[in-house]
$ cat run-v8.pdb   # PDB, C-alpha atoms
MODEL        1
ATOM      1  CA  MET A   1     -17.403 -35.578  47.611
ATOM      2  CA  THR A   2     -19.242 -32.329  46.872
ATOM      3  CA  VAL A   3     -19.163 -31.254  43.248
ATOM      4  CA  ASP A   4     -18.346 -27.593  42.664
ATOM      5  CA  VAL A   5     -20.898 -26.909  39.954
ATOM      6  CA  GLN A   6     -19.751 -23.342  39.306
ATOM      7  CA  ALA A   7     -16.127 -24.400  38.949
ATOM      8  CA  THR A   8     -17.190 -27.087  36.506
ATOM      9  CA  ARG A   9     -19.195 -24.543  34.508
ATOM     10  CA  ASP A  10     -16.238 -22.152  34.507
ATOM     11  CA  VAL A  11     -13.937 -24.867  33.150
ATOM     12  CA  VAL A  12     -16.454 -25.812  30.459
ATOM     13  CA  ASP A  13     -16.869 -22.170  29.435
ATOM     14  CA  ILE A  14     -13.105 -21.773  29.120
ATOM     15  CA  ILE A  15     -12.366 -24.967  27.207
ATOM     16  CA  THR A  16     -15.223 -24.414  24.747
ATOM     17  CA  GLY A  17     -14.051 -20.901  23.950
ATOM     18  CA  GLY A  18     -12.191 -22.215  20.921
ATOM     19  CA  TRP A  19     -15.392 -23.788  19.592
ATOM     20  CA  ARG A  20     -17.175 -20.457  19.838
ATOM     21  CA  ALA A  21     -14.341 -18.719  18.034
ATOM     22  CA  GLN A  22     -14.410 -21.274  15.228
ATOM     23  CA  ALA A  23     -18.188 -20.997  14.958
ATOM     24  CA  LEU A  24     -17.830 -17.244  14.482
ATOM     25  CA  TYR A  25     -15.011 -17.786  11.989
ATOM     26  CA  THR A  26     -17.225 -20.178  10.016
ATOM     27  CA  ALA A  27     -20.059 -17.653  10.002
ATOM     28  CA  VAL A  28     -17.746 -15.007   8.578
ATOM     29  CA  ARG A  29     -16.206 -17.428   6.071
ATOM     30  CA  LEU A  30     -19.724 -18.232   4.826
ATOM     31  CA  GLY A  31     -20.653 -14.548   4.776
ATOM     32  CA  LEU A  32     -23.602 -15.001   7.137
ATOM     33  CA  PRO A  33     -23.445 -11.464   8.615
ATOM     34  CA  ASP A  34     -23.578  -9.997   5.092
ATOM     35  CA  HIS A  35     -26.400 -12.280   3.973
ATOM     36  CA  VAL A  36     -28.541 -11.569   7.049
ATOM     37  CA  ALA A  37     -27.908  -7.833   6.607
ATOM     38  CA  ALA A  38     -29.032  -8.190   2.994
ATOM     39  CA  GLY A  39     -32.344  -9.713   4.062
ATOM     40  CA  CYS A  40     -31.767 -13.477   4.107
ATOM     41  CA  ASP A  41     -33.575 -14.369   7.321
ATOM     42  CA  ASN A  42     -34.148 -18.142   7.244
ATOM     43  CA  ASP A  43     -32.218 -21.368   6.857
ATOM     44  CA  VAL A  44     -33.348 -22.014   3.291
ATOM     45  CA  GLU A  45     -32.245 -18.608   2.001
ATOM     46  CA  LEU A  46     -28.958 -18.697   3.929
ATOM     47  CA  ALA A  47     -28.165 -22.193   2.672
ATOM     48  CA  LYS A  48     -28.846 -21.098  -0.908
ATOM     49  CA  ALA A  49     -26.763 -17.938  -0.523
ATOM     50  CA  THR A  50     -23.786 -19.750   1.009
ATOM     51  CA  GLY A  51     -23.931 -23.089  -0.772
ATOM     52  CA  ALA A  52     -23.941 -24.813   2.622
ATOM     53  CA  SER A  53     -26.229 -27.538   3.938
ATOM     54  CA  GLU A  54     -29.530 -26.228   5.263
ATOM     55  CA  GLY A  55     -29.194 -28.441   8.332
ATOM     56  CA  GLY A  56     -25.642 -27.248   8.960
ATOM     57  CA  VAL A  57     -26.686 -23.609   8.634
ATOM     58  CA  HIS A  58     -29.585 -24.200  11.030
ATOM     59  CA  ARG A  59     -27.329 -25.705  13.697
ATOM     60  CA  LEU A  60     -24.691 -23.003  13.308
ATOM     61  CA  MET A  61     -27.256 -20.200  13.438
ATOM     62  CA  ARG A  62     -28.791 -21.709  16.589
ATOM     63  CA  LEU A  63     -25.429 -21.394  18.346
ATOM     64  CA  LEU A  64     -24.773 -17.918  16.948
ATOM     65  CA  VAL A  65     -28.147 -16.732  18.242
ATOM     66  CA  ALA A  66     -27.273 -18.169  21.670
ATOM     67  CA  MET A  67     -23.946 -16.311  21.504
ATOM     68  CA  GLY A  68     -25.654 -13.004  20.672
ATOM     69  CA  VAL A  69     -24.206 -12.733  17.170
ATOM     70  CA  PHE A  70     -27.734 -12.830  15.725
ATOM     71  CA  THR A  71     -31.207 -12.711  17.216
ATOM     72  CA  GLY A  72     -34.473 -14.389  16.255
ATOM     73  CA  SER A  73     -34.882 -17.976  15.073
ATOM     74  CA  ALA A  74     -35.524 -20.111  12.033
ATOM     75  CA  ALA A  75     -39.254 -19.829  12.711
ATOM     76  CA  THR A  76     -39.454 -16.076  13.321
ATOM     77  CA  GLY A  77     -36.579 -15.005  11.055
ATOM     78  CA  TYR A  78     -32.978 -14.148  11.851
ATOM     79  CA  ARG A  79     -31.965 -10.555  12.492
ATOM     80  CA  GLY A  80     -28.627  -8.871  12.946
ATOM     81  CA  THR A  81     -27.156  -7.462  16.143
ATOM     82  CA  ARG A  82     -24.364  -4.980  16.903
ATOM     83  CA  VAL A  83     -21.977  -7.941  16.842
ATOM     84  CA  SER A  84     -23.018  -9.134  13.385
ATOM     85  CA  ALA A  85     -22.970  -5.537  12.127
ATOM     86  CA  ALA A  86     -19.300  -5.307  13.115
ATOM     87  CA  LEU A  87     -18.620  -8.318  10.877
ATOM     88  CA  VAL A  88     -20.351  -7.093   7.718
ATOM     89  CA  ASP A  89     -17.754  -6.508   5.017
ATOM     90  CA  GLY A  90     -16.674  -2.860   4.855
ATOM     91  CA  PRO A  91     -13.911  -0.377   5.775
ATOM     92  CA  GLN A  92     -14.202  -0.788   9.567
ATOM     93  CA  SER A  93     -15.274  -4.439   9.554
ATOM     94  CA  LEU A  94     -13.767  -7.041  11.887
ATOM     95  CA  ARG A  95     -14.292  -9.640   9.156
ATOM     96  CA  ASP A  96     -10.601  -9.954   8.286
ATOM     97  CA  MET A  97      -9.732 -10.336  11.949
ATOM     98  CA  CYS A  98     -12.091 -13.314  12.246
ATOM     99  CA  LEU A  99     -10.638 -14.915   9.121
ATOM    100  CA  LEU A 100      -7.017 -14.391  10.167
ATOM    101  CA  TYR A 101      -7.617 -15.620  13.699
ATOM    102  CA  GLY A 102      -9.666 -18.560  12.470
ATOM    103  CA  GLU A 103      -7.039 -19.721   9.956
ATOM    104  CA  GLU A 104      -3.342 -18.792  10.325
ATOM    105  CA  PHE A 105      -3.489 -17.797  13.976
ATOM    106  CA  HIS A 106      -5.635 -20.797  14.851
ATOM    107  CA  SER A 107      -2.962 -23.017  13.320
ATOM    108  CA  ALA A 108      -0.291 -21.260  15.374
ATOM    109  CA  TRP A 109      -2.234 -21.812  18.611
ATOM    110  CA  ASN A 110      -2.492 -25.512  17.784
ATOM    111  CA  HIS A 111       1.192 -25.617  18.729
ATOM    112  CA  ALA A 112       0.732 -23.831  22.064
ATOM    113  CA  PRO A 113       2.363 -26.616  24.177
ATOM    114  CA  HIS A 114       5.506 -26.388  22.026
ATOM    115  CA  ALA A 115       5.496 -22.578  22.101
ATOM    116  CA  ILE A 116       5.093 -22.461  25.885
ATOM    117  CA  SER A 117       7.663 -25.184  26.513
ATOM    118  CA  THR A 118      10.316 -23.655  24.280
ATOM    119  CA  GLU A 119       9.211 -19.986  24.453
ATOM    120  CA  SER A 120       9.266 -19.865  20.671
ATOM    121  CA  SER A 121       6.757 -19.233  17.892
ATOM    122  CA  GLY A 122       3.986 -21.744  17.276
ATOM    123  CA  PHE A 123       3.478 -20.134  13.866
ATOM    124  CA  GLU A 124       6.950 -21.218  12.751
ATOM    125  CA  VAL A 125       6.111 -24.815  13.620
ATOM    126  CA  ALA A 126       2.854 -24.631  11.670
ATOM    127  CA  TYR A 127       4.226 -22.817   8.597
ATOM    128  CA  ASP A 128       7.975 -23.597   8.645
ATOM    129  CA  GLN A 129       8.944 -19.931   8.597
ATOM    130  CA  PRO A 130       8.640 -16.801  10.750
ATOM    131  CA  PHE A 131       5.389 -14.858  10.659
ATOM    132  CA  TYR A 132       6.681 -11.726   8.911
ATOM    133  CA  ALA A 133       8.603 -13.794   6.345
ATOM    134  CA  TYR A 134       5.350 -15.586   5.606
ATOM    135  CA  LEU A 135       3.544 -12.252   5.147
ATOM    136  CA  ALA A 136       6.191 -11.098   2.677
ATOM    137  CA  GLU A 137       5.425 -14.164   0.535
ATOM    138  CA  ALA A 138       1.646 -14.160   1.030
ATOM    139  CA  PRO A 139       0.323 -10.742  -0.060
ATOM    140  CA  ALA A 140      -3.335 -11.662   0.467
ATOM    141  CA  THR A 141      -2.649 -12.623   4.081
ATOM    142  CA  ALA A 142      -0.481  -9.534   4.524
ATOM    143  CA  ARG A 143      -3.377  -7.342   3.386
ATOM    144  CA  ARG A 144      -5.722  -9.199   5.727
ATOM    145  CA  PHE A 145      -3.262  -8.714   8.589
ATOM    146  CA  GLN A 146      -2.992  -4.986   7.903
ATOM    147  CA  ARG A 147      -6.767  -4.602   7.712
ATOM    148  CA  THR A 148      -7.009  -6.543  10.967
ATOM    149  CA  MET A 149      -4.539  -4.200  12.644
ATOM    150  CA  ASN A 150      -6.440  -1.179  11.345
ATOM    151  CA  ALA A 151      -9.851  -2.463  12.396
ATOM    152  CA  ALA A 152      -8.565  -3.366  15.855
ATOM    153  CA  SER A 153      -7.190   0.137  16.439
ATOM    154  CA  MET A 154     -10.196   1.487  18.294
ATOM    155  CA  PHE A 155      -7.959   3.847  20.273
ATOM    156  CA  PHE A 156      -6.568   5.832  17.316
ATOM    157  CA  HIS A 157      -9.231   8.537  17.567
ATOM    158  CA  ARG A 158      -8.192   9.210  21.185
ATOM    159  CA  VAL A 159      -4.477   9.716  20.494
ATOM    160  CA  PRO A 160      -4.787  13.440  19.548
ATOM    161  CA  ALA A 161      -6.485  13.994  22.916
ATOM    162  CA  VAL A 162      -3.433  12.796  24.876
ATOM    163  CA  PHE A 163      -0.737  14.578  22.834
ATOM    164  CA  ASP A 164      -0.658  17.970  21.085
ATOM    165  CA  PHE A 165       0.481  17.418  17.491
ATOM    166  CA  GLU A 166      -0.396  20.905  16.236
ATOM    167  CA  GLY A 167       2.360  22.424  14.100
ATOM    168  CA  LYS A 168       4.690  19.465  14.584
ATOM    169  CA  LYS A 169       6.530  17.172  12.202
ATOM    170  CA  VAL A 170       5.221  13.715  13.088
ATOM    171  CA  VAL A 171       7.206  10.574  12.213
ATOM    172  CA  ASP A 172       5.232   7.336  12.451
ATOM    173  CA  VAL A 173       7.829   4.565  12.690
ATOM    174  CA  GLY A 174       6.491   1.251  11.426
ATOM    175  CA  GLY A 175       3.287   3.080  10.530
ATOM    176  CA  GLY A 176       1.681   0.260   8.545
ATOM    177  CA  GLY A 177      -1.235   1.352   6.400
ATOM    178  CA  GLY A 178      -1.177   4.961   7.628
ATOM    179  CA  GLN A 179      -4.439   5.059   9.574
ATOM    180  CA  LEU A 180      -2.899   6.411  12.772
ATOM    181  CA  LEU A 181      -0.876   9.078  10.981
ATOM    182  CA  ALA A 182      -3.947  10.137   9.000
ATOM    183  CA  THR A 183      -5.942  10.408  12.232
ATOM    184  CA  VAL A 184      -3.240  12.579  13.790
ATOM    185  CA  LEU A 185      -2.892  14.852  10.754
ATOM    186  CA  ARG A 186      -6.639  15.335  10.398
ATOM    187  CA  ALA A 187      -6.784  16.406  14.058
ATOM    188  CA  ALA A 188      -3.824  18.797  13.662
ATOM    189  CA  PRO A 189      -4.218  20.690  10.357
ATOM    190  CA  ASP A 190      -0.872  22.505  10.749
ATOM    191  CA  ALA A 191       1.112  19.283  11.319
ATOM    192  CA  THR A 192       3.036  17.361   8.666
ATOM    193  CA  GLY A 193       3.888  13.691   8.695
ATOM    194  CA  THR A 194       6.338  11.038   7.600
ATOM    195  CA  LEU A 195       5.553   7.318   7.623
ATOM    196  CA  LEU A 196       8.368   4.778   7.715
ATOM    197  CA  ASP A 197       7.785   1.114   6.968
ATOM    198  CA  ARG A 198       9.081  -1.734   4.860
ATOM    199  CA  GLU A 199       8.570  -1.653   1.121
ATOM    200  CA  HIS A 200       5.779  -4.223   1.012
ATOM    201  CA  MET A 201       3.697  -1.957   3.293
ATOM    202  CA  THR A 202       4.381   1.510   1.917
ATOM    203  CA  ALA A 203       2.598   1.398  -1.450
ATOM    204  CA  LYS A 204      -0.834   1.036   0.144
ATOM    205  CA  ALA A 205       0.082   3.499   2.906
ATOM    206  CA  ARG A 206       1.103   6.123   0.347
ATOM    207  CA  GLU A 207      -2.124   5.668  -1.600
ATOM    208  CA  TYR A 208      -4.210   5.896   1.567
ATOM    209  CA  LEU A 209      -2.424   8.917   3.069
ATOM    210  CA  HIS A 210      -2.424  10.893  -0.160
ATOM    211  CA  ALA A 211      -6.174  10.338  -0.447
ATOM    212  CA  GLU A 212      -6.865  11.173   3.206
ATOM    213  CA  VAL A 213      -4.602  14.175   3.928
ATOM    214  CA  GLY A 214      -2.935  15.074   0.621
ATOM    215  CA  ALA A 215       0.532  14.450  -0.780
ATOM    216  CA  LYS A 216       1.812  17.870   0.322
ATOM    217  CA  ARG A 217       1.398  17.081   4.034
ATOM    218  CA  VAL A 218       2.853  13.598   4.174
ATOM    219  CA  GLU A 219       5.899  11.657   3.021
ATOM    220  CA  VAL A 220       6.108   7.858   2.906
ATOM    221  CA  VAL A 221       9.576   6.334   3.229
ATOM    222  CA  ASP A 222      10.729   2.761   2.643
ATOM    223  CA  GLY A 223      13.038   1.640   5.412
ATOM    224  CA  ASP A 224      13.828  -0.461   8.452
ATOM    225  CA  MET A 225      13.518   1.074  11.917
ATOM    226  CA  PHE A 226      16.413  -1.085  13.116
ATOM    227  CA  THR A 227      18.841   0.627  10.748
ATOM    228  CA  GLY A 228      17.563   4.200  11.085
ATOM    229  CA  VAL A 229      14.590   6.565  11.087
ATOM    230  CA  PRO A 230      13.887   9.863   9.260
ATOM    231  CA  LYS A 231      15.620  12.843  10.882
ATOM    232  CA  GLY A 232      14.206  16.099  12.152
ATOM    233  CA  GLY A 233      10.957  14.957  13.706
ATOM    234  CA  ASP A 234       9.229  16.791  16.545
ATOM    235  CA  VAL A 235       7.456  13.626  17.649
ATOM    236  CA  TYR A 236       8.221  10.013  16.835
ATOM    237  CA  ILE A 237       5.461   7.425  17.197
ATOM    238  CA  LEU A 238       5.983   3.734  17.886
ATOM    239  CA  CYS A 239       2.551   2.124  17.830
ATOM    240  CA  ARG A 240       2.420  -1.608  18.567
ATOM    241  CA  VAL A 241       5.697  -2.354  16.775
ATOM    242  CA  LEU A 242       7.994  -3.373  19.644
ATOM    243  CA  ALA A 243       6.468  -6.583  20.959
ATOM    244  CA  GLY A 244       7.937  -8.932  18.369
ATOM    245  CA  HIS A 245      11.532  -7.865  18.981
ATOM    246  CA  GLY A 246      14.188  -8.427  21.634
ATOM    247  CA  ASP A 247      15.330  -5.848  24.164
ATOM    248  CA  GLU A 248      18.570  -4.991  22.353
ATOM    249  CA  ASP A 249      16.700  -4.324  19.109
ATOM    250  CA  VAL A 250      14.147  -2.175  20.953
ATOM    251  CA  VAL A 251      16.900  -0.106  22.575
ATOM    252  CA  ARG A 252      18.426   0.366  19.127
ATOM    253  CA  VAL A 253      15.122   1.731  17.781
ATOM    254  CA  PHE A 254      14.825   4.078  20.768
ATOM    255  CA  GLU A 255      18.366   5.311  20.122
ATOM    256  CA  HIS A 256      17.614   5.931  16.446
ATOM    257  CA  CYS A 257      14.584   8.005  17.424
ATOM    258  CA  ARG A 258      16.480  10.022  20.033
ATOM    259  CA  ARG A 259      19.361  10.809  17.666
ATOM    260  CA  ALA A 260      16.975  11.781  14.867
ATOM    261  CA  MET A 261      14.939  14.214  17.008
ATOM    262  CA  ALA A 262      14.834  17.836  15.927
ATOM    263  CA  GLY A 263      15.748  19.067  19.409
ATOM    264  CA  ALA A 264      15.266  18.879  23.154
ATOM    265  CA  SER A 265      11.548  19.606  22.838
ATOM    266  CA  SER A 266      10.989  16.556  20.616
ATOM    267  CA  ARG A 267       9.216  13.556  22.094
ATOM    268  CA  LEU A 268       8.834   9.815  21.534
ATOM    269  CA  LEU A 269       5.260   8.538  21.836
ATOM    270  CA  ILE A 270       4.886   4.812  22.514
ATOM    271  CA  LEU A 271       1.389   3.337  22.121
ATOM    272  CA  ASP A 272       1.047  -0.246  23.308
ATOM    273  CA  ARG A 273      -0.452  -2.712  25.745
ATOM    274  CA  PHE A 274       1.630  -3.396  28.821
ATOM    275  CA  VAL A 275       1.295  -6.484  30.969
ATOM    276  CA  GLU A 276       1.175  -6.449  34.763
ATOM    277  CA  ASP A 277       2.574  -9.267  36.872
ATOM    278  CA  GLU A 278       0.552  -8.176  39.896
ATOM    279  CA  ASN A 279      -3.243  -8.156  39.439
ATOM    280  CA  PRO A 280      -3.075  -8.931  35.694
ATOM    281  CA  THR A 281      -6.038  -8.331  33.413
ATOM    282  CA  VAL A 282      -7.036 -10.771  30.704
ATOM    283  CA  LEU A 283      -6.622  -8.784  27.481
ATOM    284  CA  PRO A 284      -2.925  -7.808  27.792
ATOM    285  CA  ALA A 285      -2.010 -11.222  29.209
ATOM    286  CA  LEU A 286      -3.885 -12.979  26.401
ATOM    287  CA  TRP A 287      -2.297 -10.844  23.706
ATOM    288  CA  ASP A 288       1.124 -11.463  25.256
ATOM    289  CA  LEU A 289       0.660 -15.215  24.762
ATOM    290  CA  HIS A 290      -0.716 -14.607  21.275
ATOM    291  CA  LEU A 291       2.512 -12.814  20.380
ATOM    292  CA  LEU A 292       4.455 -15.840  21.550
ATOM    293  CA  MET A 293       2.332 -18.067  19.314
ATOM    294  CA  THR A 294       2.730 -15.874  16.218
ATOM    295  CA  THR A 295       6.114 -14.131  16.326
ATOM    296  CA  GLY A 296       7.798 -15.490  19.445
ATOM    297  CA  GLY A 297       7.500 -11.979  20.870
ATOM    298  CA  GLU A 298       6.061 -10.604  24.085
ATOM    299  CA  HIS A 299       4.376  -7.646  25.694
ATOM    300  CA  ARG A 300       6.505  -5.921  28.300
ATOM    301  CA  THR A 301       5.658  -4.251  31.584
ATOM    302  CA  ALA A 302       5.728  -0.453  31.569
ATOM    303  CA  ASP A 303       8.619  -0.556  34.046
ATOM    304  CA  ARG A 304      10.665  -2.717  31.696
ATOM    305  CA  VAL A 305      10.048  -0.368  28.767
ATOM    306  CA  THR A 306      11.034   2.543  31.006
ATOM    307  CA  ARG A 307      14.369   0.865  31.719
ATOM    308  CA  LEU A 308      14.969   0.296  28.004
ATOM    309  CA  LEU A 309      14.204   3.954  27.303
ATOM    310  CA  GLU A 310      16.701   5.015  29.948
ATOM    311  CA  ARG A 311      19.381   2.913  28.280
ATOM    312  CA  ALA A 312      18.692   4.877  25.086
ATOM    313  CA  GLY A 313      18.990   8.276  26.787
ATOM    314  CA  LEU A 314      15.252   8.890  27.211
ATOM    315  CA  PHE A 315      12.944   9.122  30.199
ATOM    316  CA  VAL A 316       9.183   8.761  30.621
ATOM    317  CA  GLU A 317       7.727  12.217  31.022
ATOM    318  CA  ARG A 318       4.110  11.118  31.481
ATOM    319  CA  THR A 319       1.595   8.401  30.646
ATOM    320  CA  ALA A 320      -2.033   8.390  29.502
ATOM    321  CA  ASP A 321      -4.694   5.713  29.254
ATOM    322  CA  LEU A 322      -6.329   4.853  25.932
ATOM    323  CA  PRO A 323      -9.219   2.487  25.054
ATOM    324  CA  MET A 324      -8.786  -1.299  24.810
ATOM    325  CA  GLU A 325      -6.313  -1.316  27.720
ATOM    326  CA  THR A 326      -3.741   0.592  25.670
ATOM    327  CA  THR A 327      -1.305   3.047  27.254
ATOM    328  CA  ALA A 328       0.535   6.044  25.820
ATOM    329  CA  LEU A 329       4.062   6.630  27.124
ATOM    330  CA  VAL A 330       5.502  10.052  26.342
ATOM    331  CA  ALA A 331       9.308   9.940  26.481
ATOM    332  CA  ALA A 332      11.671  12.898  26.368
ATOM    333  CA  PRO A 333      15.415  13.037  25.625
ATOM    334  CA  ARG A 334      17.521  13.118  28.746
ATOM    335  CA  THR A 335      19.282  16.465  29.073
ATOM    336  CA  PRO A 336      22.705  16.902  30.688
ATOM    337  CA  GLN A 337      20.987  18.387  33.751
ATOM    338  CA  ARG A 338      19.062  15.119  34.227
ATOM    339  CA  ALA A 339      22.070  12.840  33.686
TER
ENDMDL
END

$ encode --input "run-v8.pdb" --output "structure tokens"
Amino acid sequence: MTVDVQATRDVVDIITGGWRAQALYTAVRLGLPDHVAAGCDNDVELAKATGASEGGVHRLMRLLVAMGVFTGSAATGYRGTRVSAALVDGPQSLRDMCLLYGEEFHSAWNHAPHAISTESSGFEVAYDQPFYAYLAEAPATARRFQRTMNAASMFFHRVPAVFDFEGKKVVDVGGGGGQLLATVLRAAPDATGTLLDREHMTAKAREYLHAEVGAKRVEVVDGDMFTGVPKGGDVYILCRVLAGHGDEDVVRVFEHCRRAMAGASSRLLILDRFVEDENPTVLPALWDLHLLMTTGGEHRTADRVTRLLERAGLFVERTADLPMETTALVAAPRTPQRA
């Protein structure tokens, strides 16, 4: 029997992916990217700075160098790379993402067989409650989750290039910490904005938006998109807020947005990843399974979202591609002539 060496290597690379992720998580938990950036360049200094075993640090750093997180060696001195720079603590750092994925989300994925078999949340098995209920009771994790969402939003800066917000009243539904709305308002100086989210999210959003664009240009509203949205908007934004909810709930949100629109020229802008059943790519498919593990939710195909919009009296006017395999759907209210 001939051994397929490449297939064996491919399997090994896949099944050890979790080890690599946990190695990176451990590096971030120990603060290694920050310590190397601060000048600690050998095992002795890193062990002293972290309180970890020198031998353990040496073995971890050897793997991290092989992975491209750092460069150099114990003999020549460790140096940072673009990867480690992205993990240094700061406003745009991916540090919180590594911690969240290495702790709570890692625990959720430990229950993947159950989640796949029952098509229900692995997180609920691990923590005995739904993900968002857990966040409401764990403010530190909730802040980490919000910072993770913000840091992972590499496409925000491209949104003003695919939609003209100038002079419009923009309503960001489920707007989280306000980073997207701030990006939009900075790009369109004559626009005003309203952010809607639940109470445990809005205090930080209000503080951030007032500092970034000024209190006169933005309003922050406590609320639930499933019961209603602020009225009179020229454009409503739904950015990555639909995946954790069922079709009937999503249609309800679409209907709230359509009924609240200022007029026929108003639009609904949906920013999300969409899966493809034919010729799928890894990132959307992976994130779809991750949603199952955490919230029991799913990513939809663009065609499925289009059908849900039509049920709510909207139609897709156009689409645009954004970074990180994200798509913008621009939906318009269906007029009597199009009925």

$ resolve_selection --input "run-v8.pdb" --expression "the PyMOL selection byres ((chain A and resi 195) around 7)" --output "MDAnalysis selection string"
chainID A and resid 171:173 175 193:194 196:197 219:221

$ resolve_selection --input "run-v8.pdb" --expression "the PyMOL selection byres ((chain A and resi 105-115) around 8)" --output "list in words"
Leu100, Tyr101, Gly102, Glu103, Glu104, Ile116, Ser117, Thr118, Glu119, Ser120, Ser121, Gly122, Phe123, Glu124, Val125, Ala126, His290, Leu292, Met293, Thr294 and Gly296 of chain A

$ atom_distance --input "run-v8.pdb" --atom1 "atom CA of Ala133 of chain A" --atom2 "atom CA of Thr295 of chain A"
10.3 Å

$ residues_around --input "run-v8.pdb" --residues "Arg267 of chain A" --least-positions-apart "2" --cutoff "9 Å" --atoms "all atoms listed in the file" --output "ChimeraX atom specification"
/A:233-237,258,261,263-265,269,330-333

$ resolve_selection --input "run-v8.pdb" --expression "the PyMOL selection byres ((chain A and resi 143) around 12)" --output "ChimeraX atom specification"
/A:96-97,99-100,135-142,144-150,176-177,200-205

$ write_last_selection --input "run-v8.pdb" --atoms "C-alpha atoms" --output "compact mmCIF listing (two decimals), in the coordinates of the input"
# COMPACT_ATOMS: atom_id res chain seq x y z
CA ASP A 96 -10.60 -9.95 8.29
CA MET A 97 -9.73 -10.34 11.95
CA LEU A 99 -10.64 -14.92 9.12
CA LEU A 100 -7.02 -14.39 10.17
CA LEU A 135 3.54 -12.25 5.15
CA ALA A 136 6.19 -11.10 2.68
CA GLU A 137 5.42 -14.16 0.54
CA ALA A 138 1.65 -14.16 1.03
CA PRO A 139 0.32 -10.74 -0.06
CA ALA A 140 -3.34 -11.66 0.47
CA THR A 141 -2.65 -12.62 4.08
CA ALA A 142 -0.48 -9.53 4.52
CA ARG A 144 -5.72 -9.20 5.73
CA PHE A 145 -3.26 -8.71 8.59
CA GLN A 146 -2.99 -4.99 7.90
CA ARG A 147 -6.77 -4.60 7.71
CA THR A 148 -7.01 -6.54 10.97
CA MET A 149 -4.54 -4.20 12.64
CA ASN A 150 -6.44 -1.18 11.34
CA GLY A 176 1.68 0.26 8.54
CA GLY A 177 -1.24 1.35 6.40
CA HIS A 200 5.78 -4.22 1.01
CA MET A 201 3.70 -1.96 3.29
CA THR A 202 4.38 1.51 1.92
CA ALA A 203 2.60 1.40 -1.45
CA LYS A 204 -0.83 1.04 0.14
CA ALA A 205 0.08 3.50 2.91

$ atom_distance --input "run-v8.pdb" --atom1 "atom CA of Gly228 of chain A" --atom2 "atom CA of His256 of chain A"
5.6 Å

$ residues_around --input "run-v8.pdb" --residues "Ala86 of chain A" --least-positions-apart "5" --cutoff "9 Å" --atoms "all atoms listed in the file" --output "VMD selection string"
chain A and resid 33 81 92 to 95

$ write_last_selection --input "run-v8.pdb" --atoms "C-alpha atoms" --output "PDB file, in the coordinates of the input"
ATOM      1  CA  PRO A  33     -23.445 -11.464   8.615  1.00  0.00           C
ATOM      2  CA  THR A  81     -27.156  -7.462  16.143  1.00  0.00           C
ATOM      3  CA  GLN A  92     -14.202  -0.788   9.567  1.00  0.00           C
ATOM      4  CA  SER A  93     -15.274  -4.439   9.554  1.00  0.00           C
ATOM      5  CA  LEU A  94     -13.767  -7.041  11.887  1.00  0.00           C
ATOM      6  CA  ARG A  95     -14.292  -9.640   9.156  1.00  0.00           C
TER       7      ARG A  95
END

$ atom_distance --input "run-v8.pdb" --atom1 "atom CA of Glu276 of chain A" --atom2 "atom CA of Glu325 of chain A"
11.5 Å

$ residues_around --input "run-v8.pdb" --residues "Arg59 of chain A" --least-positions-apart "3" --cutoff "12 Å" --atoms "all atoms listed in the file" --output "ChimeraX atom specification"
/A:23,27,43,47,52-56,62-66,73-74

$ closest_residue --input "run-v8.pdb" --among "A:Arg186, A:Arg252, A:Arg259, A:Arg273" --to "Thr327 of chain A" --atoms "only C-alpha atoms"
A:Arg273

$ axis_aligned_box --input "run-v8.pdb" --around "segment 149-156 of chain A" --padding-each-side "6 Å" --output "AutoDock Vina command-line options"
--center_x -7.4 --center_y 0.8 --center_z 15.8 --size_x 17.7 --size_y 22.0 --size_z 20.9

$ decode --input "run-v8.pdb" --residues "segment 126-131 of chain A" --atoms "N, CA, C and O atoms" --output "PDB file, in the first residue's frame"
ATOM      1  N   ALA A 126     -21.304  24.285  27.690  1.00  0.00           N
ATOM      2  CA  ALA A 126     -20.119  24.602  28.495  1.00  0.00           C
ATOM      3  C   ALA A 126     -20.443  25.517  29.669  1.00  0.00           C
ATOM      4  O   ALA A 126     -19.862  25.375  30.757  1.00  0.00           O
ATOM      5  N   TYR A 127     -21.370  26.476  29.471  1.00  0.00           N
ATOM      6  CA  TYR A 127     -21.607  27.508  30.482  1.00  0.00           C
ATOM      7  C   TYR A 127     -23.018  27.511  31.058  1.00  0.00           C
ATOM      8  O   TYR A 127     -23.357  28.382  31.861  1.00  0.00           O
ATOM      9  N   ASP A 128     -23.848  26.572  30.645  1.00  0.00           N
ATOM     10  CA  ASP A 128     -25.207  26.411  31.193  1.00  0.00           C
ATOM     11  C   ASP A 128     -26.105  27.621  30.983  1.00  0.00           C
ATOM     12  O   ASP A 128     -27.064  27.825  31.738  1.00  0.00           O
ATOM     13  N   GLN A 129     -25.808  28.419  29.970  1.00  0.00           N
ATOM     14  CA  GLN A 129     -26.683  29.529  29.617  1.00  0.00           C
ATOM     15  C   GLN A 129     -26.300  30.041  28.231  1.00  0.00           C
ATOM     16  O   GLN A 129     -25.176  29.812  27.776  1.00  0.00           O
ATOM     17  N   PRO A 130     -27.219  30.729  27.559  1.00  0.00           N
ATOM     18  CA  PRO A 130     -26.912  31.262  26.230  1.00  0.00           C
ATOM     19  C   PRO A 130     -25.789  32.290  26.276  1.00  0.00           C
ATOM     20  O   PRO A 130     -25.538  32.925  27.310  1.00  0.00           O
ATOM     21  N   PHE A 131     -25.141  32.471  25.144  1.00  0.00           N
ATOM     22  CA  PHE A 131     -23.969  33.340  25.064  1.00  0.00           C
ATOM     23  C   PHE A 131     -24.274  34.766  25.504  1.00  0.00           C
ATOM     24  O   PHE A 131     -23.564  35.347  26.336  1.00  0.00           O
TER      25      PHE A 131
END
